[in-house]
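Data file: entry23.cif. Format and content: mmCIF, C-alpha atoms and all ligand atoms.
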data_upload
#
loop_
_atom_site.label_atom_id
_atom_site.label_comp_id
_atom_site.auth_asym_id
_atom_site.auth_seq_id
_atom_site.Cartn_x
_atom_site.Cartn_y
_atom_site.Cartn_z
CA MET P 289 22.63 2.14 -10.63
CA ALA P 290 20.32 1.15 -7.79
CA VAL P 291 17.48 -1.20 -8.75
CA VAL P 292 14.03 -1.72 -7.29
CA GLY P 293 11.68 -4.56 -8.21
CA VAL P 294 8.19 -3.59 -9.40
CA LEU P 295 5.54 -6.32 -9.51
CA ALA P 296 4.45 -6.16 -13.14
CA LEU P 297 1.42 -8.44 -13.36
CA GLN P 298 -1.16 -5.72 -13.90
CA GLY P 299 -1.89 -2.09 -12.97
CA SER P 300 0.32 0.99 -12.70
CA PHE P 301 3.78 -0.64 -12.74
CA ASN P 302 5.01 1.47 -15.71
CA GLU P 303 4.19 4.67 -13.81
CA HIS P 304 6.21 3.46 -10.80
CA ILE P 305 9.14 2.59 -13.07
CA ALA P 306 8.94 6.10 -14.61
CA ALA P 307 8.90 7.74 -11.16
CA LEU P 308 11.96 5.69 -10.09
CA LYS P 309 13.73 6.70 -13.31
CA ARG P 310 13.21 10.36 -12.44
CA LEU P 311 15.21 9.62 -9.27
CA GLY P 312 17.96 7.82 -11.22
CA VAL P 313 16.85 4.36 -10.10
CA LYS P 314 16.07 1.40 -12.36
CA GLY P 315 12.72 -0.32 -11.84
CA VAL P 316 12.92 -4.02 -12.70
CA GLU P 317 9.70 -5.75 -13.78
CA ILE P 318 8.96 -8.80 -11.63
CA ARG P 319 6.67 -11.54 -12.95
CA LYS P 320 8.31 -14.77 -11.78
CA PRO P 321 9.30 -16.01 -8.30
CA GLU P 322 12.98 -16.37 -9.24
CA GLN P 323 13.14 -12.73 -10.37
CA LEU P 324 12.49 -11.69 -6.76
CA LEU P 325 15.93 -13.06 -5.90
CA THR P 326 17.54 -10.36 -8.05
CA VAL P 327 16.16 -7.35 -6.10
CA ASN P 328 16.33 -6.10 -2.52
CA SER P 329 13.15 -4.05 -2.49
CA LEU P 330 9.78 -4.27 -4.17
CA ILE P 331 6.86 -2.05 -5.15
CA ILE P 332 3.43 -3.66 -5.54
CA PRO P 333 1.43 -1.23 -7.69
CA GLY P 334 -2.22 -0.26 -7.77
CA GLY P 335 -4.60 -1.92 -10.16
CA GLU P 336 -7.28 -4.50 -9.49
CA SER P 337 -6.35 -6.69 -6.57
CA THR P 338 -8.55 -9.69 -7.51
CA THR P 339 -7.02 -9.84 -10.99
CA MET P 340 -3.55 -9.34 -9.57
CA ALA P 341 -4.13 -12.12 -7.04
CA LYS P 342 -5.31 -14.52 -9.76
CA LEU P 343 -2.20 -13.78 -11.84
CA ALA P 344 0.09 -14.08 -8.81
CA GLU P 345 -1.45 -17.46 -8.08
CA ALA P 346 -1.06 -18.58 -11.71
CA PHE P 347 2.63 -17.59 -11.64
CA ASN P 348 3.08 -19.25 -8.21
CA LEU P 349 4.28 -15.94 -6.76
CA PHE P 350 2.59 -15.96 -3.35
CA PRO P 351 5.15 -18.08 -1.43
CA ALA P 352 8.08 -16.01 -2.81
CA LEU P 353 6.29 -12.73 -2.11
CA ARG P 354 5.54 -13.79 1.48
CA GLU P 355 9.14 -14.84 2.00
CA PHE P 356 10.34 -11.50 0.60
CA VAL P 357 8.20 -9.58 3.10
CA GLN P 358 9.14 -11.87 6.02
CA MET P 359 12.85 -11.41 5.25
CA GLY P 360 12.42 -7.74 6.13
CA LYS P 361 13.15 -6.43 2.65
CA PRO P 362 11.48 -3.06 1.90
CA VAL P 363 8.10 -3.48 0.24
CA TRP P 364 5.72 -0.68 -0.73
CA GLY P 365 2.12 -1.36 -1.73
CA THR P 366 0.04 1.34 -3.38
CA CYS P 367 -3.75 0.93 -3.44
CA ALA P 368 -4.30 -2.66 -4.67
CA GLY P 369 -0.73 -3.27 -3.45
CA LEU P 370 -1.81 -2.16 0.03
CA ILE P 371 -4.67 -4.69 -0.12
CA PHE P 372 -2.14 -7.39 -1.10
CA LEU P 373 0.02 -6.62 1.94
CA ALA P 374 -2.76 -6.39 4.53
CA ASN P 375 -3.28 -9.28 6.94
CA LYS P 376 -7.03 -8.91 6.47
CA ALA P 377 -9.23 -7.44 3.75
CA THR P 378 -12.95 -6.73 4.00
CA GLY P 379 -15.48 -5.13 1.69
CA GLN P 380 -17.51 -6.18 -1.27
CA LYS P 381 -16.16 -8.82 -3.64
CA THR P 382 -13.27 -9.68 -1.33
CA GLY P 383 -14.49 -13.25 -0.73
CA GLY P 384 -11.59 -15.64 -0.49
CA GLN P 385 -9.07 -13.46 -2.30
CA GLU P 386 -5.52 -14.55 -1.51
CA LEU P 387 -3.30 -11.97 0.20
CA VAL P 388 0.46 -11.73 0.74
CA GLY P 389 -0.08 -10.32 4.24
CA GLY P 390 2.54 -9.18 6.73
CA LEU P 391 1.04 -5.74 7.37
CA ASP P 392 -0.86 -5.83 10.65
CA CYS P 393 -4.05 -4.06 9.61
CA THR P 394 -7.55 -4.53 8.26
CA VAL P 395 -8.14 -2.88 4.93
CA HIS P 396 -11.53 -2.21 3.37
CA ARG P 397 -11.60 -2.50 -0.41
CA ASN P 398 -13.25 0.33 -2.37
CA PHE P 399 -13.80 2.18 0.92
CA PHE P 400 -14.24 5.49 -0.91
CA GLY P 401 -16.63 4.07 -3.48
CA SER P 402 -16.50 3.12 -7.14
CA GLN P 403 -14.57 4.54 -10.10
CA ILE P 404 -16.78 7.64 -10.46
CA GLN P 405 -16.20 8.46 -6.78
CA SER P 406 -12.45 8.64 -7.35
CA PHE P 407 -10.97 11.96 -6.21
CA GLU P 408 -7.83 13.97 -5.50
CA THR P 409 -7.07 15.81 -2.29
CA GLU P 410 -4.23 17.46 -0.40
CA LEU P 411 -3.00 15.21 2.42
CA LEU P 412 -1.02 16.20 5.48
CA VAL P 413 1.91 13.80 5.90
CA PRO P 414 4.25 15.17 8.62
CA GLU P 415 6.63 12.17 8.41
CA LEU P 416 7.13 12.64 4.66
CA VAL P 417 7.69 16.38 4.96
CA SER P 418 10.13 15.94 7.87
CA LYS P 419 12.22 13.41 5.87
CA GLU P 420 11.85 14.79 2.34
CA GLY P 421 11.07 18.51 2.77
CA GLY P 422 9.02 20.23 0.07
CA PRO P 423 5.42 21.43 0.26
CA GLU P 424 3.48 20.91 3.52
CA THR P 425 0.92 18.68 1.80
CA PHE P 426 0.98 15.82 -0.71
CA ARG P 427 -1.53 15.46 -3.56
CA GLY P 428 -3.33 12.17 -2.93
CA VAL P 429 -4.88 10.53 -6.00
CA PHE P 430 -7.58 8.10 -4.81
CA ILE P 431 -8.93 5.69 -7.45
CA ARG P 432 -11.46 3.11 -6.16
CA ALA P 433 -9.30 3.45 -3.11
CA PRO P 434 -9.22 1.23 -0.05
CA GLY P 435 -9.24 2.57 3.50
CA ILE P 436 -7.41 1.12 6.49
CA LEU P 437 -9.93 0.45 9.27
CA ASN P 438 -7.55 -0.53 12.07
CA VAL P 439 -3.86 -1.14 12.66
CA GLY P 440 -1.83 -3.20 15.12
CA PRO P 441 0.49 -1.68 17.75
CA GLY P 442 3.61 -1.85 15.56
CA VAL P 443 2.11 0.15 12.71
CA GLN P 444 2.88 3.84 12.33
CA VAL P 445 0.04 5.89 10.84
CA LEU P 446 1.52 8.32 8.29
CA ALA P 447 -1.69 9.89 6.99
CA ASP P 448 -5.40 9.79 7.52
CA TYR P 449 -8.32 11.48 5.85
CA PRO P 450 -11.77 12.58 7.07
CA VAL P 451 -14.45 10.19 5.92
CA PRO P 452 -16.60 12.22 3.53
CA SER P 453 -20.27 11.31 3.98
CA ASP P 454 -20.87 11.30 0.21
CA LYS P 455 -17.97 8.88 -0.31
CA VAL P 456 -19.34 6.27 2.06
CA LEU P 457 -21.28 3.34 0.67
CA SER P 458 -24.28 3.11 2.97
CA SER P 459 -24.90 -0.49 1.84
CA ASP P 460 -21.53 -1.34 3.36
CA SER P 461 -22.28 0.06 6.80
CA SER P 462 -22.88 -3.38 8.27
CA VAL P 463 -19.35 -4.49 7.43
CA GLU P 464 -17.27 -5.07 10.51
CA GLY P 465 -15.21 -2.03 11.46
CA LYS P 466 -16.74 0.17 8.77
CA LYS P 467 -19.50 1.69 10.84
CA GLU P 468 -17.29 3.52 13.32
CA ASN P 469 -15.06 4.79 10.56
CA ALA P 470 -17.99 5.97 8.51
CA GLU P 471 -19.38 8.24 11.21
CA GLU P 472 -19.33 11.90 10.37
CA GLY P 473 -16.14 13.61 11.48
CA SER P 474 -14.21 10.36 11.86
CA LYS P 475 -11.04 9.61 9.90
CA VAL P 476 -9.85 6.65 7.91
CA ILE P 477 -6.16 5.73 7.69
CA VAL P 478 -4.65 6.08 4.20
CA ALA P 479 -0.86 5.64 4.66
CA VAL P 480 1.12 3.47 7.10
CA ARG P 481 4.55 2.08 7.79
CA GLN P 482 5.43 -1.09 9.70
CA GLY P 483 9.20 -1.52 9.71
CA ASN P 484 10.09 -2.63 6.18
CA ILE P 485 6.52 -2.29 4.89
CA LEU P 486 5.15 0.96 3.46
CA ALA P 487 1.56 1.17 2.24
CA THR P 488 -0.51 3.97 0.70
CA ALA P 489 -4.18 3.87 -0.30
CA PHE P 490 -3.49 6.49 -2.99
CA HIS P 491 -1.21 6.68 -6.06
CA PRO P 492 2.00 8.76 -5.71
CA GLU P 493 3.20 7.32 -9.05
CA LEU P 494 0.44 9.25 -10.82
CA THR P 495 1.80 12.61 -9.62
CA ALA P 496 5.01 14.46 -10.54
CA ASP P 497 5.97 14.54 -6.84
CA THR P 498 8.62 11.87 -6.19
CA ARG P 499 8.84 12.32 -2.42
CA TRP P 500 7.16 8.96 -1.59
CA HIS P 501 9.50 7.12 -3.95
CA SER P 502 12.46 8.91 -2.42
CA TYR P 503 11.20 8.04 1.09
CA PHE P 504 10.86 4.38 0.07
CA LEU P 505 14.39 4.29 -1.40
CA LYS P 506 15.75 5.49 1.95
CA MET P 507 14.04 2.56 3.70
CA GLU P 508 16.42 0.23 1.87
CA SER P 509 19.42 1.60 3.74
CA LEU P 510 17.56 1.21 7.05
CA VAL P 511 16.39 -2.32 6.53
CA GLY P 512 19.20 -4.05 8.42
CA LYS P 513 18.34 -2.08 11.54
CA GLU P 514 14.58 -2.36 11.26
CA ALA P 515 14.04 -5.86 9.90
CA SER P 516 13.75 -7.43 13.31
CA SER P 517 10.80 -5.22 14.22
CA SER P 518 9.05 -5.66 10.87
CA ILE P 519 6.85 -8.59 11.80
CA VAL P 520 4.94 -7.62 14.87
CA PRO P 521 3.82 -10.56 16.97
CA GLU P 522 0.38 -10.63 18.54
CA GLN P 523 0.40 -8.97 21.94
CA VAL P 524 0.38 -11.48 24.75
CA THR P 525 -1.53 -10.33 27.80
N1 LIG F 1 -10.26 -1.08 -5.51
C1 LIG F 1 -9.19 -1.77 -6.20
C2 LIG F 1 -9.10 -3.21 -5.69
O1 LIG F 1 -9.74 -3.57 -4.77
C3 LIG F 1 -7.87 -1.06 -6.01
C4 LIG F 1 -7.87 0.24 -6.76
C5 LIG F 1 -6.52 0.73 -7.16
O2 LIG F 1 -5.51 0.06 -7.01
N2 LIG F 1 -6.53 1.91 -7.72
O3 LIG F 1 -8.36 -3.96 -6.24
#
Represent the supplied structure as structure tokens.
Ligand code: GLN
Amino acid sequence: MAVVGVLALQGSFNEHIAALKRLGVKGVEIRKPEQLLTVNSLIIPGGESTTMAKLAEAFNLFPALREFVQMGKPVWGTCAGLIFLANKATGQKTGGQELVGGLDCTVHRNFFGSQIQSFETELLVPELVSKEGGPETFRGVFIRAPGILNVGPGVQVLADYPVPSDKVLSSDSSVEGKKENAEEGSKVIVAVRQGNILATAFHPELTADTRWHSYFLKMESLVGKEASSSIVPEQVT
């Protein structure tokens, strides 16, 4: 039986393990650096990224997580997991929070607002539909969700979403990069892929639709071919 590691410090790791089980794959809970050596792919779930970062620090997981990403092994971050993987995080309460990094983007925490501004919506994801088939749209569950403000040249945008004016925190409009994205009619990026790294601002594990998990599992068989392009160097001009 295929196995996938699921970072199990906090957040929706049980839901990811259940989704993997529906696809006949065993999700292995990862809490210690040495456990990362037993898996070839990893899901970093949603939850609360500050708490997760504190726990990861306490368990000395950051160096092993960074090495895992740099080795080109498939890693998927959902929501707080996306924040973990971003090279840069902005937004309230981010101050000094440690990140794993590797994903060439700037993410804004709580871009869509607080818990009561959480929402569900149908997302257009052509890449997912072309690889996995099924309905034309995917139900995106956004819970205190981050938004991706900008991405580097090696990052493929898989889905974006119009910035709803009522979801934008006006007090945040001075934050770098936020203003342009918050303008009416503009879009914020909510799903990306960079070689071995997949990241979604929403929670596929909280739906019955397993297409994202299935898409991620297929990345494992591609990793040998794509690993070399996974870490995108800064463009030299
Ligand atoms: N806003 C949360 C954070 O910054 C993430 C929310 C989630 O994972 N559902 O950690």
**Report entry** Nearest to Arg319 of chain P by atom-to-atom distance, counting all atoms listed in the file, from P:Gly483, P:Pro450, P:Gly293, P:Gly442
**Finding:** P:Gly293
Query raised in the report: Which is closest to ligand LIG 1 (chain F) among P:Ala296, P:Val429, P:Val413, P:Ile477, if we use only C-alpha atoms and all ligand atoms?
Result: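 The shortest atom-to-atom distance to ligand LIG 1 (chain F) comes from P:Val429.
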Kindly assemble as a Markdown table a list of the chain P residues that lie within 7 Å of ligand LIG 1 (chain F), each paired with its nearest atom pair and their distance in Å to one decimal, using only C-alpha atoms and all ligand atoms, sorted first by chain and then by ascending residue number.
| residue | atom | partner | partner_atom | distance |
| --- | --- | --- | --- | --- |
| P:Gly334 | CA | F:LIG1 | O2 | 3.4 |
| P:Gly335 | CA | F:LIG1 | O2 | 3.8 |
| P:Glu336 | CA | F:LIG1 | O3 | 3.5 |
| P:Ser337 | CA | F:LIG1 | O3 | 3.4 |
| P:Thr338 | CA | F:LIG1 | O3 | 5.9 |
| P:Thr366 | CA | F:LIG1 | O2 | 6.8 |
| P:Cys367 | CA | F:LIG1 | O2 | 4.1 |
| P:Ala368 | CA | F:LIG1 | O2 | 3.8 |
| P:Gly369 | CA | F:LIG1 | O2 | 6.8 |
| P:Ile371 | CA | F:LIG1 | O1 | 7.0 |
| P:Arg397 | CA | F:LIG1 | O1 | 4.9 |
| P:Asn398 | CA | F:LIG1 | N1 | 4.6 |
| P:Phe430 | CA | F:LIG1 | N2 | 6.9 |
| P:Ile431 | CA | F:LIG1 | N2 | 4.5 |
| P:Arg432 | CA | F:LIG1 | N1 | 4.4 |
| P:Ala433 | CA | F:LIG1 | C4 | 5.1 |
| P:Pro434 | CA | F:LIG1 | N1 | 6.0 |
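Protein, DNA and RNA residues at most 12 Å from (7.2, -15.8, -12.0), with all atoms listed in the file, are these: Leu295, Ala296, Leu297, Glu317, Ile318, Arg319, Lys320, Pro321, Glu322, Gln323, Leu324, Leu325, Leu343, Ala344, Glu345, Ala346, Phe347, Asn348, Leu349, Phe350, Pro351, Ala352 and Leu353 of chain P.
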Query raised in the report: How many Å lie between atom CA of Thr326 of chain P and atom CA of Glu355 of chain P, rounded to one decimal?
Result: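 Rounded to one decimal, the two atoms are 13.8 Å apart.
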Axis-aligned box over every listed atom of segment 491-501 of chain P, padded by 6 Å per side: centre and edges in Å to one decimal, as AutoDock Vina command-line options?
--center_x 4.1 --center_y 10.6 --center_z -6.2 --size_x 22.7 --size_y 19.9 --size_z 21.2
Query raised in the report: Smallest atom-to-atom distance to Lys376 of chain P: which of P:Leu411, P:Val443, P:Lys309, P:Asn438, using all atoms listed in the file?
Result: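 Of the candidates, the smallest distance to Lys376 of chain P is held by P:Asn438.
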Query raised in the report: Using only C-alpha atoms, which of P:Leu446, P:Val451, P:Leu505, P:Val395 sits nearest Lys475 of chain P?
Result: P:Val451
Query - Interatomic distance, atom CA of Thr339 of chain P to atom CA of His491 of chain P (Å, one decimal) - result: 18.2 Å
Query - Nearest residue to Lys342 of chain P from the set P:Val363, P:Val327, P:Leu387, P:Val313 (distances using only C-alpha atoms) - result: P:Leu387
Report summary line: Closest of P:Leu373, P:Ile332, P:Gln405, P:Asn484 to Met359 of chain P, counting only C-alpha atoms, is P:Asn484
Report task. Would you kindly return, as a ChimeraX atom specification, each protein, DNA or RNA residue with an atom no farther than 9 Å from any atom of Glu415 of chain P, considering only C-alpha atoms and excluding same-chain residues fewer than 4 positions away? Result -> /P:419-420,446-447
Query - Interatomic distance, atom CA of Val292 of chain P to atom CA of Arg499 of chain P (Å, one decimal) - result: 15.7 Å
Query - Spatial neighbours of Ala479 of chain P, max dist 10 Å, all atoms listed in the file, sep filter under 4 positions, as a ChimeraX atom specification - result: /P:365-367,370,413,435-436,444-449,486-490
Report task. Find the residues near Asn302 of chain P: any atom within 10 Å, counting all atoms listed in the file, skip ones fewer than 4 places away on the same chain, and give them as a PyMOL selection string. Result -> chain P and resi 294-296+298+306-308+315+317+333+493
Query raised in the report: Residues at most 8 Å from Ala341 of chain P, counting only C-alpha atoms, excluding those fewer than 6 positions away in the same chain, as a list in words?
Result: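 The filter keeps Phe372, Gln385, Glu386 and Leu387 of chain P.
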Query raised in the report: Can you tell me, as a PyMOL selection string, what residues are no more than 8 Å from Glu508 of chain P when counting only C-alpha atoms, ignoring any on the same chain fewer than 4 positions away?
Result: chain P and resi 328-329+361-362+504
Could you dump the residues just selected with C-alpha atoms as a short mmCIF file (atom, residue, chain, number, x, y, z; two decimals), keeping the file's coordinate frame?
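Contents of the output file result_37.cif:
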data_model
loop_
_atom_site.label_atom_id
_atom_site.label_comp_id
_atom_site.auth_asym_id
_atom_site.auth_seq_id
_atom_site.Cartn_x
_atom_site.Cartn_y
_atom_site.Cartn_z
CA ASN P 328 16.33 -6.10 -2.52
CA SER P 329 13.15 -4.05 -2.49
CA LYS P 361 13.15 -6.43 2.65
CA PRO P 362 11.48 -3.06 1.90
CA PHE P 504 10.86 4.38 0.07
#
